[in-house]
$ cat input.pdb   # PDB, C-alpha atoms and all ligand atoms
ATOM      1  CA  MET A   1    -251.107 -47.566 -13.539
ATOM      2  CA  SER A   2    -250.082 -45.649 -16.643
ATOM      3  CA  ARG A   3    -249.473 -47.315 -19.952
ATOM      4  CA  ILE A   4    -245.950 -47.342 -21.354
ATOM      5  CA  PHE A   5    -244.924 -47.743 -24.973
ATOM      6  CA  SER A   6    -241.471 -47.894 -26.455
ATOM      7  CA  GLY A   7    -239.921 -48.987 -29.722
ATOM      8  CA  ILE A   8    -236.556 -50.259 -30.833
ATOM      9  CA  GLN A   9    -235.162 -50.590 -34.335
ATOM     10  CA  PRO A  10    -234.389 -54.137 -35.496
ATOM     11  CA  SER A  11    -230.629 -53.722 -35.590
ATOM     12  CA  GLY A  12    -230.019 -57.453 -34.977
ATOM     13  CA  GLU A  13    -228.371 -58.448 -31.736
ATOM     14  CA  LEU A  14    -228.563 -55.884 -28.944
ATOM     15  CA  HIS A  15    -225.242 -54.522 -27.704
ATOM     16  CA  ILE A  16    -224.516 -53.774 -24.075
ATOM     17  CA  GLY A  17    -225.030 -50.042 -24.724
ATOM     18  CA  ASN A  18    -228.635 -50.671 -25.833
ATOM     19  CA  TYR A  19    -229.065 -53.084 -22.965
ATOM     20  CA  LEU A  20    -227.818 -50.765 -20.220
ATOM     21  CA  GLY A  21    -229.334 -47.651 -21.795
ATOM     22  CA  ALA A  22    -232.785 -49.008 -22.557
ATOM     23  CA  VAL A  23    -233.779 -52.640 -22.345
ATOM     24  CA  LYS A  24    -232.599 -53.316 -18.797
ATOM     25  CA  ASN A  25    -234.850 -50.441 -17.746
ATOM     26  CA  TRP A  26    -237.753 -51.833 -19.789
ATOM     27  CA  ALA A  27    -237.406 -55.132 -17.940
ATOM     28  CA  LYS A  28    -237.790 -53.216 -14.681
ATOM     29  CA  LEU A  29    -240.732 -51.127 -15.880
ATOM     30  CA  GLN A  30    -242.748 -54.218 -16.836
ATOM     31  CA  HIS A  31    -243.164 -54.876 -13.101
ATOM     32  CA  GLN A  32    -244.519 -51.376 -12.419
ATOM     33  CA  HIS A  33    -246.663 -50.455 -15.441
ATOM     34  CA  GLU A  34    -248.655 -51.838 -18.308
ATOM     35  CA  CYS A  35    -245.931 -52.041 -20.958
ATOM     36  CA  ILE A  36    -245.972 -52.447 -24.730
ATOM     37  CA  PHE A  37    -242.650 -52.890 -26.534
ATOM     38  CA  CYS A  38    -242.404 -52.844 -30.289
ATOM     39  CA  ILE A  39    -239.716 -53.838 -32.779
ATOM     40  CA  VAL A  40    -240.136 -51.023 -35.284
ATOM     41  CA  ASN A  41    -239.323 -52.636 -38.619
ATOM     42  CA  LEU A  42    -241.367 -50.054 -40.550
ATOM     43  CA  HIS A  43    -239.052 -47.337 -39.267
ATOM     44  CA  ALA A  44    -236.090 -49.393 -40.444
ATOM     45  CA  ILE A  45    -237.160 -49.234 -44.091
ATOM     46  CA  THR A  46    -236.898 -45.426 -44.266
ATOM     47  CA  VAL A  47    -233.247 -45.819 -45.325
ATOM     48  CA  PRO A  48    -231.809 -48.325 -47.860
ATOM     49  CA  TYR A  49    -231.821 -51.938 -46.559
ATOM     50  CA  GLU A  50    -231.762 -55.626 -47.565
ATOM     51  CA  PRO A  51    -235.061 -57.550 -47.096
ATOM     52  CA  ALA A  52    -233.439 -60.839 -45.992
ATOM     53  CA  GLU A  53    -231.247 -58.988 -43.526
ATOM     54  CA  LEU A  54    -234.177 -57.037 -42.115
ATOM     55  CA  ARG A  55    -236.060 -60.286 -41.550
ATOM     56  CA  SER A  56    -233.218 -61.935 -39.654
ATOM     57  CA  ARG A  57    -232.402 -58.785 -37.680
ATOM     58  CA  THR A  58    -236.007 -58.475 -36.583
ATOM     59  CA  ARG A  59    -235.886 -62.051 -35.381
ATOM     60  CA  GLU A  60    -232.554 -61.557 -33.605
ATOM     61  CA  MET A  61    -233.901 -58.466 -31.884
ATOM     62  CA  ALA A  62    -236.904 -60.412 -30.609
ATOM     63  CA  VAL A  63    -234.609 -63.121 -29.214
ATOM     64  CA  SER A  64    -232.345 -60.496 -27.623
ATOM     65  CA  LEU A  65    -235.253 -58.673 -25.982
ATOM     66  CA  LEU A  66    -236.755 -61.827 -24.550
ATOM     67  CA  ALA A  67    -233.370 -63.120 -23.407
ATOM     68  CA  ALA A  68    -232.621 -59.756 -21.774
ATOM     69  CA  GLY A  69    -235.636 -60.202 -19.539
ATOM     70  CA  LEU A  70    -238.784 -58.940 -21.266
ATOM     71  CA  ASP A  71    -241.331 -61.412 -19.969
ATOM     72  CA  PRO A  72    -244.337 -62.052 -22.229
ATOM     73  CA  GLU A  73    -246.362 -62.781 -19.087
ATOM     74  CA  ARG A  74    -245.747 -59.230 -17.893
ATOM     75  CA  CYS A  75    -245.537 -57.104 -21.021
ATOM     76  CA  THR A  76    -246.460 -57.110 -24.690
ATOM     77  CA  VAL A  77    -243.718 -57.629 -27.270
ATOM     78  CA  PHE A  78    -244.513 -57.470 -30.973
ATOM     79  CA  VAL A  79    -243.320 -56.514 -34.433
ATOM     80  CA  GLN A  80    -244.713 -53.249 -35.819
ATOM     81  CA  SER A  81    -245.585 -54.518 -39.322
ATOM     82  CA  MET A  82    -247.804 -57.219 -37.807
ATOM     83  CA  VAL A  83    -250.250 -54.540 -36.618
ATOM     84  CA  PRO A  84    -251.416 -52.602 -39.718
ATOM     85  CA  GLN A  85    -253.104 -49.853 -37.695
ATOM     86  CA  HIS A  86    -249.682 -48.240 -37.143
ATOM     87  CA  THR A  87    -249.535 -47.224 -40.803
ATOM     88  CA  GLU A  88    -253.200 -46.332 -40.896
ATOM     89  CA  LEU A  89    -252.841 -43.864 -38.041
ATOM     90  CA  ASN A  90    -249.566 -42.658 -39.541
ATOM     91  CA  TRP A  91    -251.466 -41.514 -42.637
ATOM     92  CA  ILE A  92    -254.099 -39.791 -40.579
ATOM     93  CA  PHE A  93    -251.469 -37.992 -38.506
ATOM     94  CA  ASN A  94    -249.689 -36.911 -41.691
ATOM     95  CA  THR A  95    -252.738 -34.753 -42.322
ATOM     96  CA  VAL A  96    -252.369 -32.846 -39.021
ATOM     97  CA  THR A  97    -248.562 -32.535 -38.980
ATOM     98  CA  PRO A  98    -247.045 -29.265 -40.217
ATOM     99  CA  LEU A  99    -244.350 -29.888 -42.811
ATOM    100  CA  GLY A 100    -242.106 -27.304 -41.174
ATOM    101  CA  GLU A 101    -242.008 -29.280 -37.920
ATOM    102  CA  LEU A 102    -240.799 -32.345 -39.793
ATOM    103  CA  GLU A 103    -238.107 -30.447 -41.653
ATOM    104  CA  ARG A 104    -236.864 -29.057 -38.345
ATOM    105  CA  GLN A 105    -236.225 -32.500 -36.764
ATOM    106  CA  THR A 106    -232.537 -32.891 -35.992
ATOM    107  CA  GLN A 107    -232.523 -36.614 -36.738
ATOM    108  CA  PHE A 108    -234.131 -36.067 -40.110
ATOM    109  CA  LYS A 109    -231.530 -33.477 -41.044
ATOM    110  CA  GLU A 110    -228.679 -35.758 -39.947
ATOM    111  CA  LYS A 111    -229.999 -38.853 -41.700
ATOM    112  CA  ALA A 112    -230.989 -36.948 -44.834
ATOM    113  CA  GLN A 113    -227.450 -35.662 -45.158
ATOM    114  CA  ARG A 114    -226.154 -39.218 -45.342
ATOM    115  CA  GLN A 115    -228.581 -40.284 -48.114
ATOM    116  CA  GLU A 116    -228.111 -39.881 -51.818
ATOM    117  CA  SER A 117    -231.808 -39.320 -52.251
ATOM    118  CA  VAL A 118    -234.206 -38.693 -49.397
ATOM    119  CA  MET A 119    -237.549 -40.484 -49.434
ATOM    120  CA  ALA A 120    -240.774 -39.079 -48.010
ATOM    121  CA  GLY A 121    -240.825 -41.917 -45.454
ATOM    122  CA  LEU A 122    -237.709 -40.550 -43.794
ATOM    123  CA  LEU A 123    -239.402 -37.187 -43.344
ATOM    124  CA  SER A 124    -242.521 -38.859 -42.000
ATOM    125  CA  TYR A 125    -240.538 -41.107 -39.607
ATOM    126  CA  PRO A 126    -241.515 -39.163 -36.466
ATOM    127  CA  VAL A 127    -245.180 -39.167 -37.529
ATOM    128  CA  LEU A 128    -245.120 -42.968 -37.582
ATOM    129  CA  GLN A 129    -243.495 -42.806 -34.166
ATOM    130  CA  ALA A 130    -246.353 -40.620 -32.897
ATOM    131  CA  ALA A 131    -248.795 -43.169 -34.342
ATOM    132  CA  ASP A 132    -246.958 -46.008 -32.523
ATOM    133  CA  ILE A 133    -247.396 -44.290 -29.193
ATOM    134  CA  LEU A 134    -250.847 -42.754 -29.568
ATOM    135  CA  LEU A 135    -252.390 -45.877 -31.078
ATOM    136  CA  TYR A 136    -252.176 -47.255 -27.534
ATOM    137  CA  ARG A 137    -252.829 -43.884 -25.916
ATOM    138  CA  ALA A 138    -249.618 -44.446 -23.970
ATOM    139  CA  GLU A 139    -248.707 -41.765 -21.458
ATOM    140  CA  LEU A 140    -245.064 -42.569 -20.802
ATOM    141  CA  VAL A 141    -242.346 -43.374 -23.307
ATOM    142  CA  PRO A 142    -238.973 -44.594 -22.019
ATOM    143  CA  VAL A 143    -236.376 -43.200 -24.433
ATOM    144  CA  GLY A 144    -232.927 -41.649 -24.516
ATOM    145  CA  GLU A 145    -232.162 -37.928 -24.878
ATOM    146  CA  ASP A 146    -231.966 -38.254 -28.659
ATOM    147  CA  GLN A 147    -235.719 -38.954 -28.863
ATOM    148  CA  VAL A 148    -236.902 -35.941 -26.876
ATOM    149  CA  GLN A 149    -237.557 -33.862 -29.987
ATOM    150  CA  HIS A 150    -239.563 -36.685 -31.580
ATOM    151  CA  LEU A 151    -241.638 -36.931 -28.408
ATOM    152  CA  GLU A 152    -242.318 -33.207 -28.475
ATOM    153  CA  LEU A 153    -243.659 -33.661 -31.972
ATOM    154  CA  SER A 154    -245.852 -36.553 -30.799
ATOM    155  CA  ARG A 155    -247.370 -34.214 -28.214
ATOM    156  CA  GLU A 156    -247.891 -31.545 -30.844
ATOM    157  CA  ILE A 157    -249.659 -34.061 -33.093
ATOM    158  CA  ALA A 158    -251.853 -35.214 -30.198
ATOM    159  CA  ARG A 159    -252.744 -31.596 -29.418
ATOM    160  CA  ARG A 160    -253.600 -30.743 -33.010
ATOM    161  CA  TRP A 161    -255.687 -33.853 -33.539
ATOM    162  CA  ASN A 162    -257.488 -33.294 -30.229
ATOM    163  CA  ALA A 163    -258.154 -29.641 -31.043
ATOM    164  CA  ARG A 164    -259.740 -30.600 -34.340
ATOM    165  CA  PHE A 165    -261.522 -33.869 -33.555
ATOM    166  CA  SER A 166    -262.032 -34.292 -29.784
ATOM    167  CA  ALA A 167    -265.378 -32.850 -28.827
ATOM    168  CA  GLN A 168    -265.060 -32.375 -25.062
ATOM    169  CA  GLN A 169    -262.450 -34.494 -23.409
ATOM    170  CA  ASP A 170    -259.116 -34.892 -25.221
ATOM    171  CA  TYR A 171    -259.028 -38.329 -26.797
ATOM    172  CA  PHE A 172    -255.248 -38.645 -27.018
ATOM    173  CA  PRO A 173    -253.079 -38.041 -23.944
ATOM    174  CA  GLU A 174    -249.856 -36.084 -24.490
ATOM    175  CA  PRO A 175    -247.108 -38.686 -24.089
ATOM    176  CA  LYS A 176    -244.173 -37.770 -21.885
ATOM    177  CA  PRO A 177    -240.625 -39.088 -22.199
ATOM    178  CA  LEU A 178    -239.334 -41.223 -19.348
ATOM    179  CA  LEU A 179    -235.659 -40.443 -19.626
ATOM    180  CA  THR A 180    -233.342 -43.326 -18.909
ATOM    181  CA  VAL A 181    -231.022 -42.356 -16.087
ATOM    182  CA  THR A 182    -227.955 -44.393 -17.104
ATOM    183  CA  ARG A 183    -225.025 -42.411 -18.451
ATOM    184  CA  ARG A 184    -224.418 -43.113 -22.066
ATOM    185  CA  ILE A 185    -222.144 -46.063 -22.618
ATOM    186  CA  MET A 186    -219.006 -45.316 -24.581
ATOM    187  CA  GLY A 187    -217.569 -47.750 -27.107
ATOM    188  CA  LEU A 188    -214.414 -49.793 -26.510
ATOM    189  CA  ASP A 189    -212.377 -47.082 -28.209
ATOM    190  CA  GLY A 190    -213.374 -44.806 -25.313
ATOM    191  CA  GLN A 191    -213.976 -42.077 -27.918
ATOM    192  CA  SER A 192    -217.542 -42.235 -29.135
ATOM    193  CA  LYS A 193    -220.874 -43.605 -27.995
ATOM    194  CA  MET A 194    -221.175 -47.377 -28.300
ATOM    195  CA  SER A 195    -222.920 -48.019 -31.588
ATOM    196  CA  LYS A 196    -223.046 -50.654 -34.241
ATOM    197  CA  SER A 197    -222.067 -48.240 -36.996
ATOM    198  CA  MET A 198    -218.867 -47.337 -35.117
ATOM    199  CA  GLY A 199    -217.865 -51.010 -34.726
ATOM    200  CA  ASN A 200    -216.992 -50.427 -31.064
ATOM    201  CA  THR A 201    -219.640 -52.591 -29.407
ATOM    202  CA  ILE A 202    -219.854 -55.659 -27.203
ATOM    203  CA  GLY A 203    -222.823 -57.818 -28.164
ATOM    204  CA  LEU A 204    -225.237 -58.743 -25.406
ATOM    205  CA  LEU A 205    -225.027 -62.388 -26.468
ATOM    206  CA  GLU A 206    -221.271 -62.645 -27.071
ATOM    207  CA  ASP A 207    -219.463 -65.361 -25.151
ATOM    208  CA  SER A 208    -216.826 -64.587 -22.532
ATOM    209  CA  ASN A 209    -213.875 -65.434 -24.811
ATOM    210  CA  SER A 210    -214.959 -63.019 -27.449
ATOM    211  CA  ILE A 211    -215.777 -60.348 -24.843
ATOM    212  CA  TRP A 212    -212.272 -60.787 -23.452
ATOM    213  CA  ASP A 213    -210.743 -60.380 -26.926
ATOM    214  CA  LYS A 214    -212.431 -56.974 -27.067
ATOM    215  CA  LEU A 215    -211.772 -55.902 -23.467
ATOM    216  CA  ARG A 216    -208.068 -56.761 -23.478
ATOM    217  CA  PRO A 217    -207.040 -54.093 -26.020
ATOM    218  CA  ALA A 218    -209.820 -51.643 -25.018
ATOM    219  CA  MET A 219    -208.974 -48.026 -24.209
ATOM    220  CA  THR A 220    -208.418 -47.187 -20.517
ATOM    221  CA  ASP A 221    -207.120 -43.994 -18.865
ATOM    222  CA  PRO A 222    -205.044 -42.465 -21.681
ATOM    223  CA  LYS A 223    -202.644 -40.881 -19.163
ATOM    224  CA  ARG A 224    -201.793 -44.207 -17.585
ATOM    225  CA  VAL A 225    -198.897 -45.336 -19.732
ATOM    226  CA  ARG A 226    -196.831 -47.617 -17.473
ATOM    227  CA  ARG A 227    -198.109 -50.281 -15.138
ATOM    228  CA  THR A 228    -196.668 -48.283 -12.209
ATOM    229  CA  ASP A 229    -198.518 -45.050 -13.114
ATOM    230  CA  PRO A 230    -201.493 -44.417 -10.830
ATOM    231  CA  GLY A 231    -204.713 -44.146 -12.863
ATOM    232  CA  THR A 232    -207.740 -41.873 -12.683
ATOM    233  CA  PRO A 233    -210.812 -44.151 -12.592
ATOM    234  CA  GLU A 234    -213.311 -41.428 -13.477
ATOM    235  CA  VAL A 235    -211.777 -40.839 -16.905
ATOM    236  CA  CYS A 236    -211.494 -44.550 -17.695
ATOM    237  CA  ASN A 237    -214.147 -46.218 -19.803
ATOM    238  CA  ILE A 238    -213.443 -49.604 -18.209
ATOM    239  CA  TYR A 239    -214.272 -48.076 -14.838
ATOM    240  CA  GLN A 240    -217.600 -46.853 -16.243
ATOM    241  CA  LEU A 241    -218.355 -50.419 -17.280
ATOM    242  CA  HIS A 242    -217.480 -51.595 -13.765
ATOM    243  CA  LYS A 243    -220.091 -49.160 -12.476
ATOM    244  CA  ALA A 244    -222.633 -50.747 -14.794
ATOM    245  CA  PHE A 245    -221.787 -54.394 -14.116
ATOM    246  CA  SER A 246    -219.864 -54.779 -10.828
ATOM    247  CA  ALA A 247    -221.198 -54.805  -7.280
ATOM    248  CA  PRO A 248    -220.720 -51.493  -5.390
ATOM    249  CA  ALA A 249    -217.999 -52.960  -3.158
ATOM    250  CA  THR A 250    -216.091 -54.175  -6.214
ATOM    251  CA  VAL A 251    -216.416 -50.770  -7.878
ATOM    252  CA  GLU A 252    -214.883 -49.164  -4.797
ATOM    253  CA  HIS A 253    -212.082 -51.701  -4.684
ATOM    254  CA  VAL A 254    -211.345 -51.204  -8.382
ATOM    255  CA  ALA A 255    -211.088 -47.417  -7.939
ATOM    256  CA  GLU A 256    -208.698 -47.880  -5.031
ATOM    257  CA  GLN A 257    -206.469 -50.361  -6.869
ATOM    258  CA  CYS A 258    -206.386 -48.194  -9.992
ATOM    259  CA  SER A 259    -205.563 -44.909  -8.320
ATOM    260  CA  THR A 260    -202.740 -46.479  -6.265
ATOM    261  CA  ALA A 261    -201.370 -48.503  -9.179
ATOM    262  CA  GLY A 262    -202.064 -51.614  -7.132
ATOM    263  CA  TRP A 263    -203.567 -53.227 -10.223
ATOM    264  CA  GLY A 264    -202.623 -52.893 -13.836
ATOM    265  CA  CYS A 265    -205.354 -52.348 -16.386
ATOM    266  CA  ILE A 266    -205.378 -56.031 -17.311
ATOM    267  CA  ASP A 267    -206.070 -57.014 -13.676
ATOM    268  CA  CYS A 268    -208.936 -54.560 -13.635
ATOM    269  CA  LYS A 269    -210.327 -55.877 -16.922
ATOM    270  CA  LYS A 270    -210.236 -59.470 -15.639
ATOM    271  CA  VAL A 271    -212.446 -58.477 -12.740
ATOM    272  CA  LEU A 272    -214.768 -56.660 -15.123
ATOM    273  CA  LEU A 273    -215.030 -59.749 -17.317
ATOM    274  CA  GLU A 274    -216.131 -61.722 -14.275
ATOM    275  CA  SER A 275    -218.809 -59.196 -13.356
ATOM    276  CA  MET A 276    -220.055 -59.062 -16.923
ATOM    277  CA  SER A 277    -220.205 -62.845 -17.170
ATOM    278  CA  GLY A 278    -222.287 -62.965 -13.996
ATOM    279  CA  GLU A 279    -224.962 -60.798 -15.604
ATOM    280  CA  LEU A 280    -224.636 -61.831 -19.242
ATOM    281  CA  ASN A 281    -224.240 -65.621 -18.993
ATOM    282  CA  PRO A 282    -227.862 -66.226 -17.956
ATOM    283  CA  ILE A 283    -229.021 -63.919 -20.762
ATOM    284  CA  ARG A 284    -226.946 -65.862 -23.286
ATOM    285  CA  GLU A 285    -228.334 -69.136 -21.976
ATOM    286  CA  ARG A 286    -231.900 -67.893 -22.421
ATOM    287  CA  ALA A 287    -231.080 -66.832 -25.980
ATOM    288  CA  THR A 288    -229.705 -70.290 -26.730
ATOM    289  CA  GLU A 289    -232.913 -71.870 -25.439
ATOM    290  CA  LEU A 290    -235.029 -69.505 -27.529
ATOM    291  CA  ARG A 291    -233.019 -70.230 -30.668
ATOM    292  CA  ALA A 292    -233.386 -73.951 -30.105
ATOM    293  CA  ASN A 293    -237.145 -73.558 -30.202
ATOM    294  CA  PRO A 294    -238.066 -70.905 -32.816
ATOM    295  CA  GLY A 295    -241.772 -71.730 -32.536
ATOM    296  CA  ARG A 296    -241.751 -70.276 -29.030
ATOM    297  CA  THR A 297    -240.594 -66.846 -30.224
ATOM    298  CA  ASP A 298    -243.092 -66.952 -33.127
ATOM    299  CA  GLU A 299    -245.856 -67.660 -30.664
ATOM    300  CA  ILE A 300    -244.815 -64.825 -28.319
ATOM    301  CA  LEU A 301    -244.749 -62.341 -31.213
ATOM    302  CA  ARG A 302    -248.059 -63.612 -32.553
ATOM    303  CA  ALA A 303    -249.749 -63.266 -29.165
ATOM    304  CA  GLY A 304    -248.166 -59.814 -28.753
ATOM    305  CA  ALA A 305    -249.517 -58.692 -32.131
ATOM    306  CA  GLU A 306    -252.942 -60.087 -31.313
ATOM    307  CA  HIS A 307    -253.136 -58.171 -28.046
ATOM    308  CA  SER A 308    -251.830 -54.958 -29.671
ATOM    309  CA  SER A 309    -254.240 -55.307 -32.616
ATOM    310  CA  ALA A 310    -257.204 -55.463 -30.272
ATOM    311  CA  LEU A 311    -256.159 -52.206 -28.563
ATOM    312  CA  ALA A 312    -255.225 -50.590 -31.878
ATOM    313  CA  GLY A 313    -258.532 -51.594 -33.467
ATOM    314  CA  GLU A 314    -260.427 -49.916 -30.657
ATOM    315  CA  THR A 315    -258.478 -46.665 -31.113
ATOM    316  CA  MET A 316    -258.967 -46.675 -34.889
ATOM    317  CA  ARG A 317    -262.709 -47.150 -34.510
ATOM    318  CA  GLU A 318    -262.871 -44.040 -32.310
ATOM    319  CA  VAL A 319    -260.549 -42.062 -34.568
ATOM    320  CA  LYS A 320    -262.453 -42.872 -37.768
ATOM    321  CA  GLU A 321    -265.779 -42.217 -36.119
ATOM    322  CA  ARG A 322    -264.678 -38.760 -34.984
ATOM    323  CA  MET A 323    -263.106 -37.922 -38.337
ATOM    324  CA  GLY A 324    -266.102 -38.839 -40.440
ATOM    325  CA  LEU A 325    -264.297 -41.812 -41.917
ATOM    326  CA  ALA A 326    -266.664 -44.422 -40.548
TER     327      ALA A 326
HETATM  328  N1  LIG B   1    -237.173 -43.595 -33.120
HETATM  329  C1  LIG B   1    -236.879 -44.491 -32.027
HETATM  330  C2  LIG B   1    -235.375 -44.717 -31.952
HETATM  331  O1  LIG B   1    -234.694 -44.620 -32.954
HETATM  332  C3  LIG B   1    -237.568 -45.823 -32.189
HETATM  333  C4  LIG B   1    -239.058 -45.714 -32.056
HETATM  334  C5  LIG B   1    -239.994 -45.881 -33.029
HETATM  335  C6  LIG B   1    -239.758 -45.398 -30.861
HETATM  336  N2  LIG B   1    -241.223 -45.716 -32.519
HETATM  337  C7  LIG B   1    -241.137 -45.431 -31.202
HETATM  338  C8  LIG B   1    -239.366 -45.116 -29.555
HETATM  339  C9  LIG B   1    -242.118 -45.140 -30.266
HETATM  340  C10 LIG B   1    -240.354 -44.820 -28.612
HETATM  341  C11 LIG B   1    -241.720 -44.844 -28.967
HETATM  342  O2  LIG B   1    -234.885 -45.032 -30.901
END
$ encode --input "input.pdb" --output "structure tokens"
Amino acid sequence: MSRIFSGIQPSGELHIGNYLGAVKNWAKLQHQHECIFCIVNLHAITVPYEPAELRSRTREMAVSLLAAGLDPERCTVFVQSMVPQHTELNWIFNTVTPLGELERQTQFKEKAQRQESVMAGLLSYPVLQAADILLYRAELVPVGEDQVQHLELSREIARRWNARFSAQQDYFPEPKPLLTVTRRIMGLDGQSKMSKSMGNTIGLLEDSNSIWDKLRPAMTDPKRVRRTDPGTPEVCNIYQLHKAFSAPATVEHVAEQCSTAGWGCIDCKKVLLESMSGELNPIRERATELRANPGRTDEILRAGAEHSSALAGETMREVKERMGLA
């Protein structure tokens, strides 16, 4: 059984794009592997932020993850800043990471462009990510396409550290990405990827009324102007959501009704709302229970940090020993 590690930024409530693209898969993986999932609040402070907001977003993310099905009996869930070894190993890895590699990272270049002044932490972001993963000597990292370059750098860091400090057998494994198979989920505008910054999301914990308020005006097949025009399901974002949430037989039926103009888009969206409610209502109920008892979430995160710290402490002992630091 290989060990899996993944991280998610504390952006507050998950949206259905994050859920379908990542967390739903994590909930499956926890039954097949030893899994460690981390809310990476130290990554979140590499760009300007508000402390009070970060605190509540971290909390909301924990509630969302647990509600979405991460089971503390089957996996470890914790907050990055509660395990100080992440930053300790980050520093050590800074000393074996070529500056040029960091400057070449696409995400760094994109984010740096949007900042007035760029802090060293933003440059070092992928080094902290390598520390996250290698601290647990994880072999597989479930991520989206956009993290492939960061993972390559993690492997490079592992190789360089091993070459310098592993006597015979490599101490750090080279972590491989486990690419999530789901297509990327488009926002309700049907134009760009679903993301908080675009304001085109559906929250994982939104109630059916508010989901309906967003679905009703949402973009469908742009060529289907009148109710009597036959539609092309494959180009319609609502159809993509059916594929994610509806049963296969329903998906087939929807395609048929759309392409023969049997249904209008509103009919189709009503069916989608029902499918979504079937999957999301239980998640929302779990979130409500968790919010009613905040001590429960605290305890889960505390136990998660305790377990992670024990593993992390073991790694740091080995690392310091081999580096002449202990
Ligand atoms: N950079 C990742 C993202 O933005 C988050 C992350 C931090 C991560 N540390 C990680 C992902 C370790 C996987 C493994 O999505």
$ axis_aligned_box --input "input.pdb" --around "segment 73-91 of chain A" --padding-each-side "6 Å" --output "JSON"
{"center_x": -248.3, "center_y": -52.1, "center_z": -30.3, "size_x": 21.9, "size_y": 33.3, "size_z": 36.7}
$ resolve_selection --input "input.pdb" --expression "the PyMOL selection byres (((chain A and resi 75) around 9) and not hetatm)" --output "number ranges by chain"
A: 27, 30-31, 33-37, 70-74, 76-77, 304
$ residues_near_ligand --input "input.pdb" --ligand "ligand LIG 1 (chain B)" --cutoff "7 Å" --atoms "all atoms listed in the file" --output "list of chain:residue names"
A:Phe5, A:Ser6, A:Gly7, A:Ile8, A:Gln9, A:Val40, A:His43, A:Leu128, A:Gln129, A:Ala130, A:Asp132, A:Ile133, A:Val141, A:Pro142, A:Val143, A:Gln147
$ resolve_selection --input "input.pdb" --expression "the PyMOL selection byres (((chain A and resi 110-124) around 10) and not hetatm)" --output "list in words"
Leu42, His43, Ala44, Ile45, Thr46, Val47, Pro48, Asn90, Trp91, Phe93, Asn94, Thr97, Leu99, Glu101, Leu102, Glu103, Arg104, Gln105, Thr106, Gln107, Phe108, Lys109, Tyr125, Pro126, Val127, Leu128 and Gln129 of chain A
$ write_last_selection --input "input.pdb" --atoms "C-alpha atoms" --output "CSV table (one decimal), keeping the file's coordinate frame"
chain,number,residue,atom,x,y,z
A,42,LEU,CA,-241.4,-50.1,-40.6
A,43,HIS,CA,-239.1,-47.3,-39.3
A,44,ALA,CA,-236.1,-49.4,-40.4
A,45,ILE,CA,-237.2,-49.2,-44.1
A,46,THR,CA,-236.9,-45.4,-44.3
A,47,VAL,CA,-233.2,-45.8,-45.3
A,48,PRO,CA,-231.8,-48.3,-47.9
A,90,ASN,CA,-249.6,-42.7,-39.5
A,91,TRP,CA,-251.5,-41.5,-42.6
A,93,PHE,CA,-251.5,-38.0,-38.5
A,94,ASN,CA,-249.7,-36.9,-41.7
A,97,THR,CA,-248.6,-32.5,-39.0
A,99,LEU,CA,-244.4,-29.9,-42.8
A,101,GLU,CA,-242.0,-29.3,-37.9
A,102,LEU,CA,-240.8,-32.3,-39.8
A,103,GLU,CA,-238.1,-30.4,-41.7
A,104,ARG,CA,-236.9,-29.1,-38.3
A,105,GLN,CA,-236.2,-32.5,-36.8
A,106,THR,CA,-232.5,-32.9,-36.0
A,107,GLN,CA,-232.5,-36.6,-36.7
A,108,PHE,CA,-234.1,-36.1,-40.1
A,109,LYS,CA,-231.5,-33.5,-41.0
A,125,TYR,CA,-240.5,-41.1,-39.6
A,126,PRO,CA,-241.5,-39.2,-36.5
A,127,VAL,CA,-245.2,-39.2,-37.5
A,128,LEU,CA,-245.1,-43.0,-37.6
A,129,GLN,CA,-243.5,-42.8,-34.2
$ residues_around --input "input.pdb" --residues "Pro175 of chain A" --least-positions-apart "5" --cutoff "10 Å" --atoms "all atoms listed in the file" --output "number ranges by chain"
A: 3-5, 130, 133-134, 137-141, 151-156, 158
$ resolve_selection --input "input.pdb" --expression "the PyMOL selection byres (((chain A and resi 242-246) around 8) and not hetatm)" --output "PyMOL selection string"
chain A and resi 20+238-241+247-248+250-251+272+275-276+279
$ atom_distance --input "input.pdb" --atom1 "atom CA of Asp170 of chain A" --atom2 "atom CA of Arg317 of chain A"
15.8 Å
$ atom_distance --input "input.pdb" --atom1 "atom CA of Asn281 of chain A" --atom2 "atom CA of Leu54 of chain A"
26.6 Å
$ atom_distance --input "input.pdb" --atom1 "atom CA of Met316 of chain A" --atom2 "atom CA of Ile300 of chain A"
23.9 Å
$ residues_around --input "input.pdb" --residues "Val235 of chain A" --least-positions-apart "5" --cutoff "9 Å" --atoms "only C-alpha atoms" --output "PyMOL selection string"
chain A and resi 220-222+240
$ closest_residue --input "input.pdb" --among "A:Arg57, A:Gly17, A:Met1, A:Gln169" --to "Gln32 of chain A" --atoms "all atoms listed in the file"
A:Met1
$ decode --input "input.pdb" --residues "segment 210-222 of chain A" --atoms "C-alpha atoms" --output "PDB file, in the first residue's frame"
ATOM      1  CA  SER A 210     -29.650  29.045  -4.027  1.00  0.00           C
ATOM      2  CA  ILE A 211     -28.295  26.408  -6.436  1.00  0.00           C
ATOM      3  CA  TRP A 212     -31.453  26.828  -8.501  1.00  0.00           C
ATOM      4  CA  ASP A 213     -31.011  30.619  -8.576  1.00  0.00           C
ATOM      5  CA  LYS A 214     -27.624  30.006 -10.195  1.00  0.00           C
ATOM      6  CA  LEU A 215     -28.651  27.162 -12.520  1.00  0.00           C
ATOM      7  CA  ARG A 216     -31.721  28.904 -13.933  1.00  0.00           C
ATOM      8  CA  PRO A 217     -29.813  31.676 -15.753  1.00  0.00           C
ATOM      9  CA  ALA A 218     -26.698  29.523 -16.388  1.00  0.00           C
ATOM     10  CA  MET A 219     -25.236  29.272 -19.889  1.00  0.00           C
ATOM     11  CA  THR A 220     -26.374  26.295 -22.004  1.00  0.00           C
ATOM     12  CA  ASP A 221     -25.788  25.506 -25.699  1.00  0.00           C
ATOM     13  CA  PRO A 222     -25.230  28.994 -27.147  1.00  0.00           C
TER      14      PRO A 222
END
